[in-house]
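Source file: structure_3.csv (CSV, C-alpha atoms)
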chain,number,residue,atom,x,y,z
A,1,MET,CA,-0.5,-54.5,31.1
A,2,ASN,CA,1.6,-57.4,32.2
A,3,HIS,CA,3.0,-55.3,35.0
A,4,SER,CA,-0.5,-54.3,36.2
A,5,HIS,CA,-1.6,-58.0,36.2
A,6,GLN,CA,1.4,-58.9,38.3
A,7,SER,CA,0.7,-56.1,40.7
A,8,SER,CA,-2.9,-57.1,41.3
A,9,ARG,CA,-1.9,-60.7,41.8
A,10,PHE,CA,0.7,-59.6,44.3
A,11,VAL,CA,-2.0,-57.5,46.1
A,12,ARG,CA,-4.3,-60.6,46.2
A,13,ARG,CA,-1.6,-62.8,47.6
A,14,ALA,CA,-0.7,-60.2,50.2
A,15,ARG,CA,-4.3,-59.9,51.3
A,16,VAL,CA,-4.6,-63.7,51.6
A,17,ALA,CA,-1.3,-63.8,53.6
A,18,LEU,CA,-2.5,-61.0,55.9
A,19,ALA,CA,-5.9,-62.7,56.4
A,20,LEU,CA,-4.1,-66.0,57.3
A,21,VAL,CA,-1.8,-64.1,59.8
A,22,LEU,CA,-4.8,-62.3,61.4
A,23,THR,CA,-6.7,-65.5,61.6
A,24,GLY,CA,-3.8,-67.1,63.4
A,25,PHE,CA,-3.6,-64.1,65.7
A,26,LEU,CA,-7.2,-64.3,66.6
A,27,ALA,CA,-7.3,-68.0,67.3
A,28,VAL,CA,-5.2,-68.1,70.5
A,29,SER,CA,-5.5,-67.3,74.2
A,30,ALA,CA,-3.2,-66.9,77.1
A,31,GLY,CA,-2.7,-69.8,79.5
A,32,ALA,CA,-2.0,-70.3,83.1
A,33,THR,CA,1.7,-69.8,83.1
A,34,ASP,CA,2.0,-67.3,80.3
A,35,ARG,CA,3.6,-64.5,82.1
A,36,ARG,CA,2.8,-60.9,81.7
A,37,PHE,CA,5.6,-59.7,83.9
A,38,THR,CA,9.3,-60.8,84.0
A,39,PHE,CA,10.3,-59.8,87.5
A,40,THR,CA,7.0,-60.2,89.2
A,41,TYR,CA,5.4,-63.6,89.7
A,42,GLU,CA,1.6,-64.0,89.2
A,43,PRO,CA,-0.4,-66.1,91.7
A,44,GLU,CA,-1.8,-68.6,89.2
A,45,THR,CA,-0.4,-72.1,89.1
A,46,MET,CA,-0.3,-74.5,86.2
A,47,PRO,CA,-3.1,-77.1,85.7
A,48,GLN,CA,-2.3,-80.5,87.0
A,49,GLY,CA,-0.2,-82.5,84.6
A,50,ALA,CA,0.9,-79.4,82.5
A,51,LYS,CA,4.5,-79.0,81.6
A,52,GLU,CA,6.4,-76.0,80.4
A,53,PHE,CA,10.0,-75.0,79.5
A,54,GLU,CA,11.1,-71.4,80.2
A,55,GLN,CA,14.3,-69.7,79.1
A,56,TRP,CA,15.4,-66.7,81.1
A,57,ILE,CA,17.9,-64.3,79.8
A,58,THR,CA,18.8,-61.3,82.1
A,59,LEU,CA,21.3,-58.6,81.3
A,60,ARG,CA,22.4,-56.4,84.2
A,61,THR,CA,24.5,-53.6,82.7
A,62,GLN,CA,26.5,-50.5,83.8
A,63,ARG,CA,28.1,-50.0,87.1
A,64,THR,CA,30.3,-47.1,88.1
A,65,LYS,CA,34.0,-47.2,87.3
A,66,ASN,CA,34.6,-45.8,90.8
A,67,VAL,CA,34.2,-49.3,92.1
A,68,ASP,CA,36.6,-50.6,89.5
A,69,GLN,CA,34.0,-52.3,87.4
A,70,GLU,CA,33.8,-50.1,84.3
A,71,ASN,CA,31.8,-51.3,81.3
A,72,TYR,CA,30.1,-53.9,83.6
A,73,ASN,CA,27.8,-56.5,82.0
A,74,ALA,CA,26.4,-59.5,83.7
A,75,TRP,CA,24.3,-62.1,81.8
A,76,ASP,CA,22.2,-64.4,83.8
A,77,PHE,CA,20.8,-67.5,82.1
A,78,ARG,CA,18.2,-69.8,83.6
A,79,GLU,CA,16.6,-72.8,82.0
A,80,GLU,CA,13.4,-73.7,83.8
A,81,PHE,CA,11.3,-76.9,83.7
A,82,GLU,CA,7.9,-76.4,85.3
A,83,TYR,CA,5.3,-79.1,86.2
A,84,GLY,CA,1.8,-78.8,87.6
A,85,VAL,CA,1.6,-81.3,90.4
A,86,MET,CA,-1.9,-80.3,91.3
A,87,ASP,CA,-4.1,-77.5,90.0
A,88,ASN,CA,-2.9,-75.3,92.9
A,89,TYR,CA,0.7,-76.6,93.3
A,90,GLN,CA,3.5,-76.5,90.9
A,91,ILE,CA,7.2,-77.3,91.0
A,92,ALA,CA,10.1,-76.3,88.8
A,93,LEU,CA,13.8,-77.1,88.3
A,94,TYR,CA,16.3,-74.4,87.2
A,95,LEU,CA,19.7,-74.6,85.7
A,96,ASN,CA,21.5,-71.4,86.4
A,97,GLY,CA,24.5,-69.8,84.6
A,98,LYS,CA,26.2,-66.4,84.6
A,99,SER,CA,28.5,-64.5,82.4
A,100,GLU,CA,30.2,-61.4,83.8
A,101,SER,CA,32.6,-59.0,82.2
A,102,TYR,CA,34.1,-55.6,83.2
A,103,ARG,CA,37.2,-53.5,83.0
A,104,SER,CA,39.3,-53.3,86.2
A,105,LYS,CA,42.4,-51.1,86.8
A,106,VAL,CA,43.7,-53.9,89.0
A,107,ASP,CA,42.8,-57.0,87.1
A,108,GLY,CA,42.5,-55.6,83.6
A,109,ASP,CA,39.7,-56.9,81.4
A,110,VAL,CA,37.7,-59.5,83.4
A,111,SER,CA,35.4,-62.0,81.7
A,112,ASP,CA,34.1,-65.0,83.4
A,113,PHE,CA,31.4,-67.7,82.8
A,114,SER,CA,30.2,-69.7,85.7
A,115,PHE,CA,27.6,-72.4,86.4
A,116,GLU,CA,25.5,-71.1,89.2
A,117,GLY,CA,24.0,-74.3,90.4
A,118,LEU,CA,20.5,-75.8,90.5
A,119,SER,CA,17.3,-74.3,91.9
A,120,PHE,CA,14.1,-76.0,93.0
A,121,GLU,CA,10.9,-74.0,93.1
A,122,ASN,CA,7.6,-74.7,94.9
A,123,LYS,CA,4.6,-72.5,94.3
A,124,TYR,CA,1.3,-73.2,96.2
A,125,ASN,CA,-1.8,-71.3,95.4
A,126,VAL,CA,-3.7,-70.6,98.6
A,127,LEU,CA,-6.4,-68.2,97.2
A,128,ASN,CA,-7.6,-68.5,93.7
A,129,PRO,CA,-7.7,-65.0,92.1
A,130,ALA,CA,-10.7,-66.0,90.0
A,131,THR,CA,-12.9,-66.6,93.1
A,132,LYS,CA,-11.3,-64.5,95.8
A,133,ALA,CA,-11.0,-60.8,96.3
A,134,VAL,CA,-7.2,-61.2,96.0
A,135,GLY,CA,-5.2,-64.2,94.8
A,136,LEU,CA,-2.4,-65.4,97.0
A,137,SER,CA,0.4,-68.0,96.4
A,138,LEU,CA,3.3,-69.0,98.6
A,139,TYR,CA,6.6,-69.4,96.9
A,140,LEU,CA,9.7,-71.3,98.1
A,141,GLU,CA,12.9,-71.7,96.1
A,142,GLY,CA,16.2,-73.3,97.1
A,143,THR,CA,19.5,-73.0,95.2
A,144,TYR,CA,22.6,-75.0,95.6
A,145,ALA,CA,25.9,-74.3,93.8
A,146,GLY,CA,28.5,-76.1,95.7
A,147,ASP,CA,30.2,-73.2,97.6
A,148,GLU,CA,27.0,-71.0,97.5
A,149,ALA,CA,23.4,-71.6,98.5
A,150,GLU,CA,20.2,-69.6,98.7
A,151,ILE,CA,16.7,-70.0,100.1
A,152,GLU,CA,14.1,-67.6,98.8
A,153,GLN,CA,10.5,-67.1,100.0
A,154,LYS,CA,7.8,-64.9,98.4
A,155,LEU,CA,4.2,-64.0,99.0
A,156,ILE,CA,2.6,-63.6,95.6
A,157,PHE,CA,-0.5,-61.5,95.4
A,158,GLY,CA,-2.5,-60.7,92.3
A,159,LYS,CA,-5.8,-60.2,90.6
A,160,ARG,CA,-7.2,-59.7,87.2
A,161,TYR,CA,-10.0,-57.3,86.3
A,162,GLY,CA,-11.1,-58.0,82.7
A,163,ASP,CA,-8.1,-57.0,80.6
A,164,TRP,CA,-6.2,-55.5,83.5
A,165,LYS,CA,-4.0,-57.4,85.9
A,166,TRP,CA,-1.8,-56.6,88.8
A,167,ALA,CA,0.6,-58.7,90.9
A,168,LEU,CA,2.6,-57.9,94.0
A,169,ASN,CA,5.5,-59.9,95.3
A,170,LEU,CA,7.1,-59.6,98.8
A,171,GLY,CA,10.2,-61.6,99.0
A,172,HIS,CA,13.1,-62.5,101.3
A,173,ALA,CA,16.2,-64.4,100.5
A,174,THR,CA,19.1,-65.7,102.5
A,175,GLU,CA,22.3,-66.3,100.6
A,176,TRP,CA,25.3,-68.2,101.8
A,177,GLU,CA,28.5,-67.3,100.0
A,178,ASP,CA,32.3,-67.7,100.2
A,179,ASN,CA,32.1,-71.5,100.7
A,180,LEU,CA,29.0,-71.0,102.9
A,181,HIS,CA,30.9,-68.9,105.4
A,182,GLU,CA,29.3,-65.5,104.6
A,183,VAL,CA,25.6,-64.9,104.9
A,184,GLU,CA,23.5,-62.1,103.3
A,185,GLY,CA,19.9,-61.2,103.5
A,186,GLU,CA,17.9,-59.7,100.7
A,187,LEU,CA,14.5,-58.1,100.7
A,188,GLU,CA,12.7,-57.7,97.4
A,189,GLY,CA,9.4,-56.2,96.4
A,190,THR,CA,8.0,-56.1,92.9
A,191,LEU,CA,4.8,-54.7,91.6
A,192,GLY,CA,3.4,-55.3,88.1
A,193,VAL,CA,0.4,-53.7,86.5
A,194,GLY,CA,-0.5,-54.7,82.9
A,195,ARG,CA,-3.3,-54.5,80.4
A,196,ASN,CA,-4.0,-57.0,77.6
A,197,LEU,CA,-4.1,-55.4,74.2
A,198,GLY,CA,-6.2,-57.9,72.3
A,199,LYS,CA,-5.7,-61.6,72.8
A,200,GLN,CA,-1.9,-61.7,72.1
A,201,TRP,CA,-0.3,-58.7,73.6
A,202,CYS,CA,0.0,-57.3,77.0
A,203,LEU,CA,1.7,-54.0,78.0
A,204,ALA,CA,2.8,-53.6,81.6
A,205,LEU,CA,4.8,-51.5,84.0
A,206,GLU,CA,7.0,-53.1,86.6
A,207,LEU,CA,8.5,-51.6,89.8
A,208,ARG,CA,11.2,-53.5,91.6
A,209,SER,CA,12.9,-52.8,94.9
A,210,ILE,CA,16.0,-54.6,96.1
A,211,THR,CA,17.7,-54.2,99.5
A,212,LYS,CA,20.8,-56.2,100.7
A,213,ILE,CA,21.7,-56.8,104.3
A,214,PRO,CA,25.1,-58.5,104.7
A,215,ASN,CA,25.3,-60.7,107.8
A,216,TYR,CA,21.9,-59.3,108.7
A,217,GLU,CA,23.7,-56.5,110.5
A,218,GLU,CA,23.1,-53.3,108.5
A,219,PHE,CA,21.7,-52.3,105.2
A,220,GLU,CA,24.3,-52.2,102.4
A,221,THR,CA,22.2,-51.0,99.4
A,222,THR,CA,18.7,-50.3,98.2
A,223,ALA,CA,17.8,-49.8,94.5
A,224,LEU,CA,14.5,-49.1,92.8
A,225,TYR,CA,13.9,-50.1,89.2
A,226,LEU,CA,10.9,-49.1,87.1
A,227,GLY,CA,10.2,-49.8,83.4
A,228,PRO,CA,7.9,-51.3,80.8
A,229,THR,CA,7.3,-55.0,80.0
A,230,VAL,CA,5.7,-56.2,76.8
A,231,SER,CA,4.6,-59.8,76.4
A,232,TYR,CA,3.2,-61.8,73.4
A,233,HIS,CA,1.1,-64.9,73.8
A,234,GLN,CA,0.6,-67.5,71.1
A,235,GLU,CA,-0.9,-71.0,71.2
A,236,GLY,CA,1.8,-73.1,72.7
A,237,TRP,CA,4.3,-70.4,73.5
A,238,TRP,CA,4.8,-66.9,74.9
A,239,ALA,CA,7.5,-64.3,75.4
A,240,ALA,CA,8.0,-61.3,77.6
A,241,LEU,CA,10.6,-58.5,77.6
A,242,SER,CA,11.3,-55.9,80.3
A,243,VAL,CA,13.7,-52.9,80.4
A,244,LEU,CA,14.0,-51.6,83.9
A,245,PRO,CA,16.3,-48.7,84.5
A,246,GLN,CA,17.3,-47.8,88.1
A,247,ILE,CA,15.3,-44.8,89.1
A,248,TRP,CA,16.7,-44.4,92.7
A,249,GLY,CA,19.4,-46.1,94.7
A,250,ARG,CA,21.3,-45.6,97.9
A,251,ASP,CA,24.6,-47.2,99.0
A,252,TRP,CA,24.1,-47.2,102.7
A,253,ASP,CA,27.7,-48.3,103.3
A,254,HIS,CA,28.9,-45.2,101.3
A,255,SER,CA,31.0,-47.1,98.8
A,256,GLY,CA,31.5,-43.9,97.0
A,257,ASP,CA,30.0,-44.6,93.6
A,258,GLY,CA,29.8,-40.9,92.8
A,259,HIS,CA,26.0,-40.8,92.3
A,260,ASP,CA,23.6,-39.1,94.7
A,261,ASN,CA,20.4,-40.8,93.7
A,262,LEU,CA,21.6,-44.0,92.2
A,263,ASP,CA,23.6,-46.9,93.6
A,264,LEU,CA,25.9,-48.1,90.8
A,265,ALA,CA,28.4,-49.7,93.2
A,266,HIS,CA,26.3,-52.8,94.1
A,267,ASN,CA,23.5,-52.5,91.5
A,268,GLU,CA,23.4,-51.9,87.8
A,269,ARG,CA,22.0,-48.9,85.9
A,270,VAL,CA,19.7,-51.1,83.8
A,271,HIS,CA,18.1,-54.5,84.1
A,272,ILE,CA,16.8,-56.1,80.9
A,273,ARG,CA,15.1,-59.5,81.0
A,274,LEU,CA,13.7,-61.7,78.2
A,275,LEU,CA,11.6,-64.8,79.0
A,276,PHE,CA,10.1,-67.2,76.7
A,277,GLY,CA,8.0,-70.3,77.5
A,278,ILE,CA,7.0,-73.3,75.5
A,279,ASP,CA,4.2,-75.7,76.6
A,280,PHE,CA,4.6,-79.4,76.0
B,1,MET,CA,-20.6,-80.1,66.9
B,2,LEU,CA,-22.6,-83.3,67.2
B,3,ALA,CA,-21.1,-83.9,70.6
B,4,ALA,CA,-22.1,-80.3,71.6
B,5,SER,CA,-25.6,-80.9,70.4
B,6,ARG,CA,-25.9,-84.1,72.4
B,7,LEU,CA,-24.6,-82.3,75.5
B,8,ALA,CA,-27.1,-79.5,75.1
B,9,ALA,CA,-29.9,-81.9,74.7
B,10,ALA,CA,-29.0,-83.9,77.7
B,11,ASP,CA,-30.9,-83.7,81.0
B,12,PRO,CA,-30.4,-80.5,83.0
B,13,LEU,CA,-27.6,-80.5,85.4
B,14,SER,CA,-28.4,-81.1,89.0
B,15,SER,CA,-27.6,-78.5,91.6
B,16,THR,CA,-24.6,-80.6,92.7
B,17,ASP,CA,-23.3,-80.8,89.1
B,18,LEU,CA,-23.8,-77.1,88.6
B,19,ALA,CA,-21.8,-76.3,91.7
B,20,ALA,CA,-19.1,-78.6,90.6
B,21,ALA,CA,-19.1,-77.1,87.1
B,22,ARG,CA,-18.8,-73.6,88.4
B,23,LYS,CA,-15.9,-74.6,90.6
B,24,LEU,CA,-14.2,-76.3,87.6
B,25,SER,CA,-14.7,-73.1,85.6
B,26,ALA,CA,-13.0,-71.1,88.3
B,27,VAL,CA,-10.1,-73.5,88.7
B,28,LYS,CA,-9.6,-74.5,85.0
B,29,CYS,CA,-10.8,-71.4,83.1
B,30,THR,CA,-11.1,-68.1,84.8
B,31,LYS,CA,-8.0,-68.6,87.0
B,32,CYS,CA,-6.0,-68.2,83.8
B,33,HIS,CA,-8.0,-65.9,81.6
B,34,LYS,CA,-11.0,-63.6,81.7
B,35,PHE,CA,-14.4,-65.3,81.3
B,36,TYR,CA,-15.7,-65.5,77.8
B,37,GLU,CA,-19.5,-65.7,77.5
B,38,PRO,CA,-20.4,-68.9,75.7
B,39,ALA,CA,-23.5,-67.1,74.3
B,40,ASP,CA,-21.3,-64.8,72.3
B,41,TYR,CA,-20.0,-67.7,70.2
B,42,ASN,CA,-21.6,-69.9,67.6
B,43,GLN,CA,-21.5,-73.6,68.2
B,44,ALA,CA,-18.5,-74.4,65.9
B,45,ASP,CA,-16.3,-71.7,67.3
B,46,TRP,CA,-17.2,-72.6,70.9
B,47,SER,CA,-16.5,-76.3,70.3
B,48,GLU,CA,-13.2,-75.4,68.8
B,49,TRP,CA,-12.2,-73.3,71.8
B,50,MET,CA,-13.4,-75.9,74.2
B,51,GLU,CA,-11.2,-78.5,72.5
B,52,LYS,CA,-8.1,-76.2,72.6
B,53,MET,CA,-8.7,-75.4,76.2
B,54,ARG,CA,-9.3,-79.0,77.1
B,55,LYS,CA,-5.7,-79.7,76.2
B,56,LYS,CA,-4.3,-76.6,77.7
B,57,SER,CA,-6.0,-77.0,81.0
B,58,LYS,CA,-5.4,-80.7,81.2
B,59,LEU,CA,-9.1,-81.5,81.7
B,60,LYS,CA,-9.9,-85.1,82.5
B,61,PRO,CA,-12.7,-86.6,80.4
B,62,ALA,CA,-15.3,-86.4,83.2
B,63,GLN,CA,-14.3,-82.8,83.9
B,64,PHE,CA,-14.5,-81.9,80.3
B,65,ASP,CA,-18.0,-83.5,79.9
B,66,LEU,CA,-19.4,-81.7,82.9
B,67,LEU,CA,-17.8,-78.3,82.0
B,68,SER,CA,-19.0,-78.7,78.4
B,69,ARG,CA,-22.5,-79.4,79.4
B,70,TYR,CA,-22.6,-76.4,81.7
B,71,LEU,CA,-21.2,-74.0,79.2
B,72,GLU,CA,-23.0,-75.4,76.2
B,73,ASP,CA,-26.3,-75.1,78.0
B,74,ALA,CA,-25.6,-71.4,78.5
B,75,ARG,CA,-24.4,-71.0,74.9
B,76,ALA,CA,-27.4,-72.8,73.4
B,77,SER,CA,-29.9,-71.0,75.5
B,78,GLY,CA,-28.3,-67.6,75.2
B,79,LYS,CA,-28.0,-67.3,79.0
B,80,ARG,CA,-25.3,-65.1,80.2
B,81,LEU,CA,-23.3,-66.5,83.1
B,82,GLY,CA,-21.8,-63.1,83.8
B,83,THR,CA,-18.6,-64.2,85.5
B,84,LYS,CA,-16.4,-61.2,84.7
B,85,LYS,CA,-13.2,-62.5,86.3
Can I see the file as structure tokens?
Amino acid sequence: MNHSHQSSRFVRRARVALALVLTGFLAVSAGATDRRFTFTYEPETMPQGAKEFEQWITLRTQRTKNVDQENYNAWDFREEFEYGVMDNYQIALYLNGKSESYRSKVDGDVSDFSFEGLSFENKYNVLNPATKAVGLSLYLEGTYAGDEAEIEQKLIFGKRYGDWKWALNLGHATEWEDNLHEVEGELEGTLGVGRNLGKQWCLALELRSITKIPNYEEFETTALYLGPTVSYHQEGWWAALSVLPQIWGRDWDHSGDGHDNLDLAHNERVHIRLLFGIDF
Amino acid sequence: MLAASRLAAADPLSSTDLAAARKLSAVKCTKCHKFYEPADYNQADWSEWMEKMRKKSKLKPAQFDLLSRYLEDARASGKRLGTKK
């Protein structure tokens, strides 16, 4: 009798708790900078005066031991502070860090953490995706890390159709390395297609292509990554997680990574990225 | 709610105000999320959403008043604005 009473009280409490949780879930909506993709930027910019903090954590894992980097893991950390200067122009400041570890026959177990400098981002919305057939933003990011520097440009296209959304980025970056004595070009293309599942969740697929051109002389490597991204959006914060395995790669310089259809000499087998953002 | 009632009862928006309100809606609302028809909401729910979005989209007081009048007119009259972006 007593047991039955306790059970029914538990069920009532569970129902109340579930109702509260569901009410909370239903009472939110995605905002301007809530990202549905982690590797692909969307053309929307923050409202004027809006501020956001974003934490980026990227794991790049598994290279081939043929290039003496067995058990390779690289963690990239970025802390980003975004600010909406105008409704169609936003800026951001990044702090970059990197932790890299692998097993080398020559150097033994290598583990290193390094500060990768500061980045400054500009994003200008040229065509509002809400009113134009396709949204377009221009993106410019500069990075300085003492003996290394980078300038990155992107064209960001995108559009939303009801609960569906796509975004396409075409990017080019120039990196100066080795105390600014070496230069390398990088071409990047990313495509994201996602669908909102209710007001909180979005499930997406992202495709990413990376090509590196040392000294702008000849192609060194191309790699294609494809995988799912899931994002969750709550009032005041959001999070997104991607797992992108390499589906095709080619080492144009024939580094001998031992794989016909993957490039595990310059690129990793899997890229995993977690982003979360907090409005303030 | 009272504020919303007053807004709905105010004079109709001029064509200039309507154009400005539509532009605001595109920049501050539908740029970030799909359009939600005001007519699908009761007054209390709509006012609550407007207040939340006012903060999120950093609407200035004059912008909020204009947008509220535009959307509240549609909500109160049941008119569907039909912006499916």
Residues within 10 Å of region 168-180 of chain A, please, as a tab-separated table (two decimals) with C-alpha atoms, in the coordinates of the input. Count all atoms listed in the file; anything in the same chain fewer than 3 positions from it doesn't count.
chain	number	residue	atom	x	y	z
A	39	PHE	CA	10.30	-59.80	87.50
A	40	THR	CA	7.00	-60.20	89.20
A	41	TYR	CA	5.40	-63.60	89.70
A	42	GLU	CA	1.60	-64.00	89.20
A	43	PRO	CA	-0.40	-66.10	91.70
A	136	LEU	CA	-2.40	-65.40	97.00
A	137	SER	CA	0.40	-68.00	96.40
A	138	LEU	CA	3.30	-69.00	98.60
A	139	TYR	CA	6.60	-69.40	96.90
A	140	LEU	CA	9.70	-71.30	98.10
A	141	GLU	CA	12.90	-71.70	96.10
A	142	GLY	CA	16.20	-73.30	97.10
A	143	THR	CA	19.50	-73.00	95.20
A	144	TYR	CA	22.60	-75.00	95.60
A	145	ALA	CA	25.90	-74.30	93.80
A	146	GLY	CA	28.50	-76.10	95.70
A	147	ASP	CA	30.20	-73.20	97.60
A	148	GLU	CA	27.00	-71.00	97.50
A	149	ALA	CA	23.40	-71.60	98.50
A	150	GLU	CA	20.20	-69.60	98.70
A	151	ILE	CA	16.70	-70.00	100.10
A	152	GLU	CA	14.10	-67.60	98.80
A	153	GLN	CA	10.50	-67.10	100.00
A	154	LYS	CA	7.80	-64.90	98.40
A	155	LEU	CA	4.20	-64.00	99.00
A	156	ILE	CA	2.60	-63.60	95.60
A	157	PHE	CA	-0.50	-61.50	95.40
A	158	GLY	CA	-2.50	-60.70	92.30
A	159	LYS	CA	-5.80	-60.20	90.60
A	183	VAL	CA	25.60	-64.90	104.90
A	184	GLU	CA	23.50	-62.10	103.30
A	185	GLY	CA	19.90	-61.20	103.50
A	186	GLU	CA	17.90	-59.70	100.70
A	187	LEU	CA	14.50	-58.10	100.70
A	188	GLU	CA	12.70	-57.70	97.40
A	189	GLY	CA	9.40	-56.20	96.40
A	190	THR	CA	8.00	-56.10	92.90
A	191	LEU	CA	4.80	-54.70	91.60
A	192	GLY	CA	3.40	-55.30	88.10
A	193	VAL	CA	0.40	-53.70	86.50
A	206	GLU	CA	7.00	-53.10	86.60
A	207	LEU	CA	8.50	-51.60	89.80
A	208	ARG	CA	11.20	-53.50	91.60
A	209	SER	CA	12.90	-52.80	94.90
A	210	ILE	CA	16.00	-54.60	96.10
A	211	THR	CA	17.70	-54.20	99.50
A	212	LYS	CA	20.80	-56.20	100.70
A	213	ILE	CA	21.70	-56.80	104.30
A	214	PRO	CA	25.10	-58.50	104.70
A	215	ASN	CA	25.30	-60.70	107.80
A	216	TYR	CA	21.90	-59.30	108.70
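Going from CA of Asn71 (chain A) over to CA of Gly117 (chain A), you cover 25.9 Å.
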What are the residues of chain B that have an atom within 8 Å of an atom of chain A, counting all atoms listed in the file, as JSON, numbers by chain? {"B": [26, 27, 28, 30, 31, 32, 33, 34, 56, 57, 58, 84, 85]}
Shell of 7 Å around Arg250 (chain A), all atoms listed in the file, local chain residues under 4 positions omitted, as a VMD selection string: chain A and resid 221 to 223 261 to 263
Contact residues around region 238-249 of chain A with only C-alpha atoms at 8 Å, ignoring same-chain residues under 4 positions, as number ranges by chain: A: 34-38, 206, 221-234, 261-264, 268-278
Contacts of Tyr70 (chain B) at 9 Å (all atoms listed in the file; same-chain gap of 3+ positions) as a ChimeraX atom specification: /B:7-8,12-13,17-18,21-22,65-67,73-75
Please return as a list of chain:residue names every residue within 6 Å of (0.9, -74.6, 92.1), taking into account all atoms listed in the file and the file's own coordinates.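 Those residues lying close to the given coordinates are A:Thr45, A:Asn88, A:Tyr89, A:Gln90, A:Lys123, A:Tyr124, A:Asn125.
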Could you list, as a list in words, every residue within 8 Å of region 37-48 of chain B, counting only C-alpha atoms and ignoring same-chain residues fewer than 2 positions away?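 Near neighbours after the sequence-gap exclusion: Met1, Ala4, Phe35, Met50, Glu51, Lys52, Leu71, Glu72, Ala74, Arg75, Ala76, Ser77, Gly78, Lys79, Arg80, Leu81 and Gly82 of chain B.
Within 10 Å of the point (27.2, -44.9, 88.3), counting all atoms listed in the file, the protein and nucleic acid residues come to A:Gln62, A:Arg63, A:Thr64, A:Lys65, A:Asn66, A:Val67, A:Glu70, A:Gly256, A:Asp257, A:Gly258, A:His259, A:Asp260, A:Asn261, A:Leu262, A:Asp263, A:Leu264, A:Ala265, A:His266, A:Asn267, A:Glu268, A:Arg269.
Reported to one decimal place, the separation of CA of Phe77 (chain A) from CA of Ser111 (chain A) is 15.6 Å.
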Enter the distance from CA of Ala92 (chain A) to CA of Glu52 (chain A), in Å, rounded to one decimal. 9.2 Å
